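J.: Pasting run.csv below, which is CSV, C-alpha atoms.
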```
chain,number,residue,atom,x,y,z
I,1,MET,CA,106.0,112.9,84.3
I,2,SER,CA,103.2,110.5,85.2
I,3,VAL,CA,102.8,107.5,87.5
I,4,ASP,CA,100.2,104.7,87.4
I,5,VAL,CA,99.7,102.0,89.9
I,6,VAL,CA,99.0,98.3,89.0
I,7,ILE,CA,97.4,96.0,91.6
I,8,PRO,CA,96.7,92.4,90.8
I,9,ASN,CA,93.9,90.9,92.9
I,10,TYR,CA,92.6,87.4,93.5
I,11,ASN,CA,89.8,87.1,96.0
I,12,GLY,CA,91.3,90.0,98.0
I,13,PHE,CA,88.4,92.4,98.3
I,14,GLU,CA,88.8,93.0,102.0
I,15,LEU,CA,92.5,93.9,101.5
I,16,VAL,CA,91.6,96.2,98.6
I,17,LYS,CA,88.9,97.8,100.7
I,18,GLU,CA,91.4,98.4,103.6
I,19,ASN,CA,94.4,99.6,101.6
I,20,LEU,CA,93.1,101.2,98.4
I,21,PRO,CA,92.1,104.6,100.0
I,22,LYS,CA,95.7,105.2,101.0
I,23,VAL,CA,96.9,104.1,97.6
I,24,ILE,CA,94.5,106.6,95.9
I,25,GLU,CA,95.7,109.4,98.2
I,26,GLU,CA,99.3,108.8,97.3
I,27,ALA,CA,98.7,108.2,93.6
I,28,LYS,CA,96.7,111.5,93.2
I,29,ARG,CA,99.8,113.4,94.2
I,30,TYR,CA,101.3,112.4,90.9
I,31,GLY,CA,98.2,112.5,88.8
I,32,GLY,CA,98.2,108.9,87.8
I,33,SER,CA,95.6,106.2,87.5
I,34,ILE,CA,95.1,103.0,89.4
I,35,ILE,CA,94.7,99.8,87.4
I,36,ILE,CA,93.3,96.8,89.3
I,37,VAL,CA,93.4,93.5,87.5
I,38,ASP,CA,91.0,91.0,89.1
I,39,ASP,CA,92.5,87.7,88.3
I,40,GLY,CA,89.5,85.4,88.3
I,41,SER,CA,88.1,86.1,91.7
I,42,ASN,CA,84.8,84.3,92.5
I,43,LYS,CA,81.6,86.1,91.6
I,44,ASP,CA,80.7,87.5,95.0
I,45,GLU,CA,84.3,88.9,95.5
I,46,PHE,CA,84.3,90.5,92.1
I,47,GLU,CA,80.8,92.0,92.6
I,48,SER,CA,81.9,93.5,95.9
I,49,LEU,CA,85.1,94.9,94.3
I,50,SER,CA,83.3,96.4,91.3
I,51,ASN,CA,80.7,98.0,93.7
I,52,PHE,CA,83.4,99.4,95.9
I,53,VAL,CA,85.6,100.9,93.1
I,54,LYS,CA,83.9,104.1,92.0
I,55,ASP,CA,86.7,106.5,91.5
I,56,LYS,CA,86.9,107.7,87.9
I,57,ASN,CA,90.7,107.3,88.0
I,58,ILE,CA,90.5,103.6,88.7
I,59,LEU,CA,90.4,101.1,85.9
I,60,LEU,CA,89.1,97.7,86.9
I,61,LEU,CA,89.9,94.8,84.6
I,62,ARG,CA,88.6,91.3,84.9
I,63,ASN,CA,90.2,88.0,84.0
I,64,GLU,CA,87.5,85.3,83.7
I,65,ARG,CA,90.1,82.6,84.8
I,66,ASN,CA,92.9,82.9,87.3
I,67,SER,CA,96.0,83.3,85.2
I,68,GLY,CA,98.7,84.0,87.7
I,69,PHE,CA,100.8,87.0,88.9
I,70,SER,CA,102.9,87.6,85.8
I,71,SER,CA,100.0,87.5,83.4
I,72,ALA,CA,97.8,89.7,85.6
I,73,VAL,CA,100.5,92.4,86.0
I,74,ASN,CA,101.4,92.3,82.4
I,75,ARG,CA,97.8,92.9,81.4
I,76,GLY,CA,97.6,95.9,83.8
I,77,MET,CA,100.8,97.3,82.5
I,78,SER,CA,99.5,97.1,78.9
I,79,LYS,CA,96.8,99.6,79.8
I,80,SER,CA,99.2,102.2,81.2
I,81,ASN,CA,100.7,105.0,79.2
I,82,SER,CA,102.6,106.6,82.1
I,83,ASP,CA,106.3,107.1,82.5
I,84,PHE,CA,106.5,105.0,85.6
I,85,VAL,CA,104.3,102.2,87.1
I,86,VAL,CA,104.1,101.3,90.7
I,87,LEU,CA,103.5,97.6,91.4
I,88,LEU,CA,101.6,96.8,94.6
I,89,ASN,CA,100.1,93.7,96.0
I,90,THR,CA,96.7,93.9,97.6
I,91,ASP,CA,98.3,93.2,101.0
I,92,VAL,CA,100.6,96.3,100.7
I,93,LEU,CA,99.8,99.6,102.4
I,94,PRO,CA,102.0,102.6,101.4
I,95,GLU,CA,103.2,105.1,104.0
I,96,ASP,CA,103.0,108.8,103.5
I,97,ASN,CA,104.9,110.2,100.5
I,98,PHE,CA,106.3,106.8,99.8
I,99,LEU,CA,107.0,107.6,96.1
I,100,ASP,CA,108.9,110.8,96.5
I,101,ALA,CA,112.4,109.4,97.0
I,102,ALA,CA,112.0,106.7,94.4
I,103,ILE,CA,110.7,109.0,91.7
I,104,LYS,CA,113.6,111.4,92.5
I,105,ASP,CA,116.0,108.6,91.9
I,106,LEU,CA,114.3,107.6,88.6
I,107,LEU,CA,114.3,111.1,87.3
I,108,SER,CA,118.0,111.5,88.1
I,109,ASP,CA,119.1,108.4,86.2
I,110,ARG,CA,117.5,107.3,83.0
I,111,ASN,CA,119.3,104.0,83.1
I,112,LEU,CA,117.4,102.9,86.2
I,113,PHE,CA,115.0,100.1,85.3
I,114,GLY,CA,113.2,100.2,88.6
I,115,ILE,CA,113.4,100.7,92.4
I,116,GLY,CA,112.4,98.5,95.2
I,117,PHE,CA,110.7,99.8,98.3
I,118,ILE,CA,111.4,98.9,101.9
I,119,ASP,CA,108.8,96.4,103.2
I,120,LYS,CA,107.8,96.6,106.9
I,121,SER,CA,106.8,92.9,106.6
I,122,VAL,CA,104.4,91.8,109.3
I,123,GLU,CA,105.1,88.1,110.0
I,124,ASP,CA,103.9,86.2,113.0
I,125,GLY,CA,103.3,89.3,115.1
I,126,LYS,CA,106.8,90.7,114.2
I,127,THR,CA,107.9,93.4,111.8
I,128,ILE,CA,110.8,92.4,109.6
I,129,LEU,CA,112.4,94.9,107.3
I,130,ARG,CA,112.6,93.5,103.8
I,131,GLY,CA,113.0,94.8,100.2
I,132,ARG,CA,116.7,94.4,99.6
I,133,GLY,CA,117.6,91.1,98.1
I,134,LEU,CA,121.0,89.3,98.0
I,135,ALA,CA,121.9,86.2,96.0
I,136,LYS,CA,124.8,83.9,95.3
I,137,TRP,CA,125.6,80.9,93.1
I,138,LYS,CA,125.7,77.8,95.2
I,139,LYS,CA,125.9,74.1,94.2
I,140,GLY,CA,124.5,74.8,90.8
I,141,PHE,CA,121.6,77.1,91.7
I,142,LEU,CA,120.9,80.7,92.3
I,143,VAL,CA,120.2,81.0,96.1
I,144,HIS,CA,118.6,84.2,97.3
I,145,ARG,CA,118.1,85.7,100.7
I,146,ARG,CA,117.0,88.9,102.5
I,147,GLY,CA,119.6,91.6,102.8
I,148,GLU,CA,120.0,94.2,105.4
I,149,VAL,CA,118.3,97.5,104.5
I,150,ASP,CA,121.2,99.8,105.2
I,151,LYS,CA,122.4,99.8,101.6
I,152,THR,CA,120.9,100.7,98.2
I,153,ASP,CA,122.2,97.9,96.0
I,154,THR,CA,120.0,94.9,95.5
I,155,PHE,CA,120.0,91.7,93.4
I,156,TRP,CA,116.3,92.1,92.5
I,157,ILE,CA,113.2,94.3,93.2
I,158,SER,CA,109.9,92.9,94.3
I,159,GLY,CA,107.0,92.6,92.0
I,160,GLY,CA,104.7,93.5,94.9
I,161,SER,CA,106.3,96.7,96.1
I,162,SER,CA,108.3,98.6,93.5
I,163,ILE,CA,108.2,101.2,90.8
I,164,ILE,CA,109.4,100.5,87.2
I,165,ARG,CA,110.1,102.5,84.1
I,166,ARG,CA,107.3,101.4,81.8
I,167,GLU,CA,109.2,101.7,78.5
I,168,LEU,CA,111.9,99.4,79.8
I,169,PHE,CA,109.3,96.9,81.2
I,170,GLU,CA,107.8,96.7,77.7
I,171,LYS,CA,111.3,96.5,76.0
I,172,LEU,CA,112.0,93.4,78.1
I,173,SER,CA,108.5,91.9,77.5
I,174,GLY,CA,107.5,92.3,81.1
I,175,PHE,CA,107.2,89.4,83.6
I,176,ASP,CA,107.5,86.0,82.1
I,177,SER,CA,104.2,84.0,82.3
I,178,LEU,CA,106.3,80.8,82.5
I,179,TYR,CA,106.5,81.6,86.2
I,180,ASP,CA,102.7,81.7,86.7
I,181,PRO,CA,101.0,81.4,89.1
I,182,PHE,CA,103.7,83.0,91.4
I,183,TYR,CA,107.4,83.2,92.5
I,184,TRP,CA,110.7,84.0,90.8
I,185,GLU,CA,109.1,86.3,88.2
I,186,ASP,CA,110.5,89.4,89.8
I,187,ILE,CA,113.9,87.9,90.3
I,188,ASP,CA,113.9,86.9,86.6
I,189,LEU,CA,112.9,90.3,85.3
I,190,SER,CA,115.4,92.1,87.5
I,191,TYR,CA,118.1,89.7,86.4
I,192,ARG,CA,117.3,90.2,82.7
I,193,ALA,CA,117.2,94.0,83.2
I,194,ARG,CA,120.6,94.1,84.8
I,195,LYS,CA,122.0,91.7,82.2
I,196,SER,CA,120.7,93.9,79.5
I,197,GLY,CA,122.6,96.9,80.9
I,198,TYR,CA,120.1,98.6,83.1
I,199,LYS,CA,120.3,99.3,86.8
I,200,ILE,CA,118.0,98.6,89.8
I,201,LYS,CA,118.1,100.1,93.2
I,202,PHE,CA,116.7,99.6,96.7
I,203,GLU,CA,115.3,102.8,98.2
I,204,PRO,CA,114.9,102.7,102.0
I,205,LYS,CA,113.1,106.0,102.1
I,206,SER,CA,110.2,104.6,100.1
I,207,VAL,CA,108.2,102.6,102.7
I,208,VAL,CA,105.3,100.2,102.6
I,209,ILE,CA,103.7,97.9,105.1
I,210,HIS,CA,103.4,94.4,103.8
I,211,LYS,CA,101.1,91.9,105.6
I,212,HIS,CA,102.3,88.8,103.8
I,213,TYR,CA,100.1,86.4,105.7
I,214,GLU,CA,97.0,88.0,104.4
I,215,GLY,CA,97.8,87.5,100.8
I,216,SER,CA,96.1,84.9,98.5
I,217,ILE,CA,99.0,82.4,98.1
I,218,LYS,CA,98.9,80.9,101.6
I,219,LYS,CA,95.1,81.0,101.5
I,220,TYR,CA,94.6,79.0,98.3
I,221,PHE,CA,97.7,76.9,98.0
I,222,SER,CA,99.1,74.1,100.2
I,223,ASN,CA,102.7,74.1,101.4
I,224,PHE,CA,103.3,71.2,99.1
I,225,GLN,CA,102.0,73.2,96.1
I,226,ILE,CA,103.9,76.3,97.0
I,227,ASN,CA,107.2,74.4,97.4
I,228,THR,CA,106.6,72.5,94.1
I,229,ILE,CA,106.0,75.7,92.2
I,230,ALA,CA,109.0,77.4,93.9
I,231,TYR,CA,111.3,74.5,92.9
I,232,ARG,CA,109.9,74.4,89.3
I,233,ASN,CA,110.5,78.1,88.9
I,234,GLN,CA,114.0,77.9,90.3
I,235,PHE,CA,114.9,75.4,87.6
I,236,ILE,CA,113.2,77.6,85.0
I,237,PHE,CA,115.3,80.6,86.1
I,238,VAL,CA,118.6,78.8,85.7
I,239,TRP,CA,117.7,77.1,82.4
I,240,LYS,CA,116.4,80.4,80.9
I,241,ASN,CA,118.9,82.9,82.2
I,242,ILE,CA,122.2,81.4,83.0
I,243,THR,CA,124.5,81.5,80.0
I,244,ASP,CA,128.1,81.5,81.3
I,245,PHE,CA,129.8,78.2,80.7
I,246,ARG,CA,131.1,77.7,84.2
I,247,PHE,CA,127.7,78.3,85.8
I,248,VAL,CA,126.0,76.0,83.3
I,249,ALA,CA,128.6,73.3,83.9
I,250,SER,CA,128.2,73.8,87.7
I,251,HIS,CA,124.4,73.3,87.4
I,252,LEU,CA,124.8,70.1,85.3
I,253,ILE,CA,127.4,68.7,87.6
I,254,TRP,CA,125.4,69.3,90.8
I,255,LEU,CA,122.0,68.3,89.3
I,256,PRO,CA,122.4,64.5,89.8
I,257,TYR,CA,123.4,65.1,93.4
I,258,HIS,CA,120.3,67.2,94.1
I,259,LEU,CA,118.0,64.7,92.4
I,260,LEU,CA,119.5,61.8,94.3
I,261,THR,CA,119.3,63.5,97.7
I,262,SER,CA,115.8,64.6,97.0
I,263,ILE,CA,114.8,61.0,96.3
I,264,LEU,CA,116.5,59.8,99.5
I,265,ARG,CA,114.8,62.5,101.5
I,266,PHE,CA,111.4,61.9,99.9
I,267,ASP,CA,111.4,65.5,98.8
I,268,MET,CA,108.6,65.2,96.3
I,269,PRO,CA,108.2,68.9,95.7
I,270,PHE,CA,111.8,69.1,94.4
I,271,ILE,CA,111.3,66.0,92.1
I,272,LEU,CA,107.9,67.2,90.8
I,273,GLY,CA,109.3,70.7,90.3
I,274,PHE,CA,112.1,69.4,88.2
I,275,LEU,CA,109.7,67.3,86.1
I,276,LEU,CA,107.3,70.2,85.6
I,277,ALA,CA,110.2,72.5,84.5
I,278,LEU,CA,111.5,69.7,82.2
I,279,SER,CA,108.1,69.5,80.5
I,280,ARG,CA,108.5,73.2,79.5
I,281,LEU,CA,112.0,72.9,78.2
I,282,PRO,CA,111.3,73.8,74.6
I,283,VAL,CA,109.6,77.0,75.6
I,284,ILE,CA,112.3,77.8,78.1
I,285,MET,CA,115.0,77.4,75.4
I,286,ARG,CA,113.1,79.5,72.9
I,287,LYS,CA,112.9,82.4,75.4
I,288,ARG,CA,116.5,81.9,76.4
I,289,PHE,CA,117.5,82.5,72.8
I,290,GLU,CA,115.2,85.5,72.3
I,291,GLN,CA,116.1,87.4,75.5
I,292,SER,CA,119.9,86.8,75.1
I,293,ARG,CA,119.9,89.2,72.2
I,294,LEU,CA,119.5,92.1,74.6
I,295,TYR,CA,122.3,91.0,77.0
I,296,LYS,CA,125.3,93.3,77.5
I,297,PHE,CA,126.7,91.7,80.6
I,298,SER,CA,127.6,88.1,81.6
I,299,ASP,CA,126.4,86.2,84.6
I,300,SER,CA,129.9,86.6,86.1
I,301,ASP,CA,129.5,90.4,85.8
I,302,LEU,CA,126.2,90.3,87.8
I,303,PHE,CA,127.5,88.1,90.6
I,304,ARG,CA,130.6,90.3,91.0
I,305,THR,CA,128.5,93.5,91.5
```
Could you render the structure as structure tokens?
T.:
Amino acid sequence: MSVDVVIPNYNGFELVKENLPKVIEEAKRYGGSIIIVDDGSNKDEFESLSNFVKDKNILLLRNERNSGFSSAVNRGMSKSNSDFVVLLNTDVLPEDNFLDAAIKDLLSDRNLFGIGFIDKSVEDGKTILRGRGLAKWKKGFLVHRRGEVDKTDTFWISGGSSIIRRELFEKLSGFDSLYDPFYWEDIDLSYRARKSGYKIKFEPKSVVIHKHYEGSIKKYFSNFQINTIAYRNQFIFVWKNITDFRFVASHLIWLPYHLLTSILRFDMPFILGFLLALSRLPVIMRKRFEQSRLYKFSDSDLFRT
């Protein structure tokens, strides 16, 4: 049994410098390697990172251009030969023995695709416990929210703090680069895994500290850009994954209402997000067809569980 760690990085050297020593300490307990994918950081940042990373068990990869979260993680995963791969953002600091409970779960159930960790999320000076996600179908869209951390079921596991069975990640073709640069890729992969007959789990005994405000998204993207990308990817998720007739019909019935109200409210991110998703429709439909061949459950099955 082996465990690797994949960390995507974009101009986050200070975070890597702060958090990597603890990641190394925890990873060594399982004899794995750490794979850092630098996703087009500026020259000075990358030089600082490459000078800092001296451990022989760390593989540093470099993307000349910023490709986005999905593509960066997929590249890192392609270099792993381990049984399990831990996915950590640069702004995530693991606590002591954070992998023990999750790995025990994975070894006890070979049908487990992956396990999400509990995030002690530092936000505006407060610590909010995250990691368990809930979702429902509402007015033609999947709407997700934070769940309380007193149960182990979850609708998805986070791409920034989770552990995944590598062979299943490869079987499902990993994260979908359609979602680059960020958001919805982990919900998409979790949904496809569950729809293909695999299980996911939230493990409250596996704990990380997540300083969201220090990550790269809010540093390098405006709120307008973030909202536009989030809306675009919400459309992509529905068009690519939802196959039950009643959910498809619901989306089509509610879509004119959402577009009209967004125009009346001058909600430009929603309108632009729709148009950007629409421009990718041929690729979305091709992937919809390809991934549906693995499905064993319906959308109704997933929303009932």
J.: Given the point (119.6, 87.0, 84.8) in the coordinates of this file, which residues lie within 6 Å, counting all atoms listed in the file, and how would they look as a PyMOL selection string?
T.: chain I and resi 188+191-192+195+241
J.: Go ahead and dump the residues you just picked, C-alpha atoms, as a short mmCIF file (atom, residue, chain, number, x, y, z; two decimals), keeping the file's coordinate frame.
T.:
```cif
data_model
loop_
_atom_site.label_atom_id
_atom_site.label_comp_id
_atom_site.auth_asym_id
_atom_site.auth_seq_id
_atom_site.Cartn_x
_atom_site.Cartn_y
_atom_site.Cartn_z
CA ASP I 188 113.90 86.90 86.60
CA TYR I 191 118.10 89.70 86.40
CA ARG I 192 117.30 90.20 82.70
CA LYS I 195 122.00 91.70 82.20
CA ASN I 241 118.90 82.90 82.20
#
```
J.: Given all atoms listed in the file as the basis, pick out the residue of I:Asn89, I:Asn227, I:Ser161, I:Ser173 nearest to I:Leu20.
T.: I:Asn89
J.: Can you pull out every residue within 10 Å of stretch 257-270 of chain I, counting only C-alpha atoms, but drop anything in the same chain fewer than 2 positions away, and send it as a PyMOL selection string?
T.: chain I and resi 139-140+223-232+234-235+251-255+272-276
J.: Let me make sure I understand: among I:Val92, I:Ile271, I:Val283, I:Ile164, which one has the smallest atom-to-atom distance to I:Leu178 if we use all atoms listed in the file?
T.: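 The answer is I:Val283, which sits nearest to I:Leu178.
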J.: Kindly give the distance, in Å, that separates atom CA of I:Ala277 and atom CA of I:Val248, rounded to a single decimal.
T.: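 Here the two named atoms are 16.2 Å from each other.
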J.: Please determine, counting all atoms listed in the file, which residue among I:Val238, I:Ile115, I:Ile34, I:Leu134 has the shortest atom-to-atom distance to I:Asp299.
T.: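 Of the candidates, the smallest distance to I:Asp299 is held by I:Val238.
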J.: For I:Asn9, which residue out of I:Ala27, I:Leu172, I:Ala72, I:Val53 is the nearest one, using all atoms listed in the file?
T.: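 The shortest atom-to-atom distance to I:Asn9 comes from I:Ala72.
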J.: Could you name the residues that touch I:Glu14 at 12 Å or less, counting all atoms listed in the file, but leaving out those on the same chain fewer than 2 positions away, as number ranges by chain?
T.: I: 9-12, 16-20, 45-46, 48-49, 52, 90-91, 214-216
J.: What's the separation between atom CA of I:Phe13 and atom CA of I:Leu60, in Å to one decimal place?
T.: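 These two atoms are separated by 12.6 Å.
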J.: Suppose you want the space between atom CA of I:Asp180 and atom CA of I:Ala249; what is it in Å?
T.: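 About the pair atom CA of I:Asp180 and atom CA of I:Ala249: they are 27.4 Å apart.
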J.: For stretch 95-99 of chain I, please output as a PyMOL selection string all residues within 9 Å (counting only C-alpha atoms; exclusion window: fewer than 2 positions along the same chain).
T.: chain I and resi 22+26-27+29+86+93+101-104+117+163+205-209
J.: Excluding stretch 118-120 of chain I and its own-chain neighbours fewer than 6 positions away, which residues fall within 6 Å of it when counting only C-alpha atoms? Please give them as a list in words.
T.: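 Returned residues: Thr127, Ile128, Leu129, Arg130, Gly131, Pro204, Val207, Val208, Ile209 and His210 of chain I.
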J.: Counting only C-alpha atoms, which residue out of I:Ser196, I:Ser250, I:Phe303, I:Asp39 sits closest to I:Val73?
T.: I:Asp39
J.: With only C-alpha atoms as the atoms that count, which of I:Pro181, I:Gly31, I:Gly174, I:Gly133 lies nearest to I:Phe221?
T.: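 Using only C-alpha atoms, I:Phe221 sits closest to I:Pro181.
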J.: Any chance you could build stretch 257-279 of chain I out to N, CA and C atoms and write it as a CSV table (one decimal), keeping the file's coordinate frame?
T.:
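part-v9.csv, written as the output of this step:
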```csv
chain,number,residue,atom,x,y,z
I,257,TYR,N,123.3,65.1,91.9
I,257,TYR,CA,123.4,65.1,93.4
I,257,TYR,C,122.1,65.5,94.0
I,258,HIS,N,121.6,66.7,93.5
I,258,HIS,CA,120.3,67.2,94.1
I,258,HIS,C,119.2,66.3,93.9
I,259,LEU,N,119.1,65.7,92.7
I,259,LEU,CA,118.0,64.7,92.4
I,259,LEU,C,118.1,63.5,93.3
I,260,LEU,N,119.3,63.0,93.5
I,260,LEU,CA,119.5,61.8,94.3
I,260,LEU,C,119.1,62.1,95.7
I,261,THR,N,119.6,63.2,96.3
I,261,THR,CA,119.3,63.5,97.7
I,261,THR,C,117.9,63.8,97.9
I,262,SER,N,117.2,64.4,96.9
I,262,SER,CA,115.8,64.6,97.0
I,262,SER,C,115.0,63.3,97.1
I,263,ILE,N,115.4,62.3,96.3
I,263,ILE,CA,114.8,61.0,96.3
I,263,ILE,C,115.0,60.3,97.7
I,264,LEU,N,116.2,60.4,98.2
I,264,LEU,CA,116.5,59.8,99.5
I,264,LEU,C,115.8,60.4,100.6
I,265,ARG,N,115.5,61.7,100.5
I,265,ARG,CA,114.8,62.5,101.5
I,265,ARG,C,113.3,62.5,101.3
I,266,PHE,N,112.8,61.8,100.2
I,266,PHE,CA,111.4,61.9,99.9
I,266,PHE,C,110.9,63.3,99.7
I,267,ASP,N,111.8,64.1,99.1
I,267,ASP,CA,111.4,65.5,98.8
I,267,ASP,C,110.7,65.6,97.5
I,268,MET,N,109.4,65.2,97.6
I,268,MET,CA,108.6,65.2,96.3
I,268,MET,C,108.4,66.5,95.6
I,269,PRO,N,108.3,67.6,96.4
I,269,PRO,CA,108.2,68.9,95.7
I,269,PRO,C,109.4,69.2,94.7
I,270,PHE,N,110.6,68.8,95.2
I,270,PHE,CA,111.8,69.1,94.4
I,270,PHE,C,111.7,68.2,93.1
I,271,ILE,N,111.4,66.9,93.3
I,271,ILE,CA,111.3,66.0,92.1
I,271,ILE,C,110.2,66.5,91.1
I,272,LEU,N,109.1,66.8,91.7
I,272,LEU,CA,107.9,67.2,90.8
I,272,LEU,C,108.2,68.5,90.2
I,273,GLY,N,108.9,69.4,90.9
I,273,GLY,CA,109.3,70.7,90.3
I,273,GLY,C,110.2,70.6,89.2
I,274,PHE,N,111.2,69.6,89.3
I,274,PHE,CA,112.1,69.4,88.2
I,274,PHE,C,111.4,68.8,87.0
I,275,LEU,N,110.4,67.9,87.2
I,275,LEU,CA,109.7,67.3,86.1
I,275,LEU,C,108.8,68.3,85.4
I,276,LEU,N,108.2,69.2,86.2
I,276,LEU,CA,107.3,70.2,85.6
I,276,LEU,C,108.1,71.2,84.8
I,277,ALA,N,109.3,71.6,85.3
I,277,ALA,CA,110.2,72.5,84.5
I,277,ALA,C,110.7,71.8,83.2
I,278,LEU,N,111.0,70.5,83.3
I,278,LEU,CA,111.5,69.7,82.2
I,278,LEU,C,110.4,69.7,81.1
I,279,SER,N,109.2,69.6,81.5
I,279,SER,CA,108.1,69.5,80.5
I,279,SER,C,108.0,70.8,79.7
```
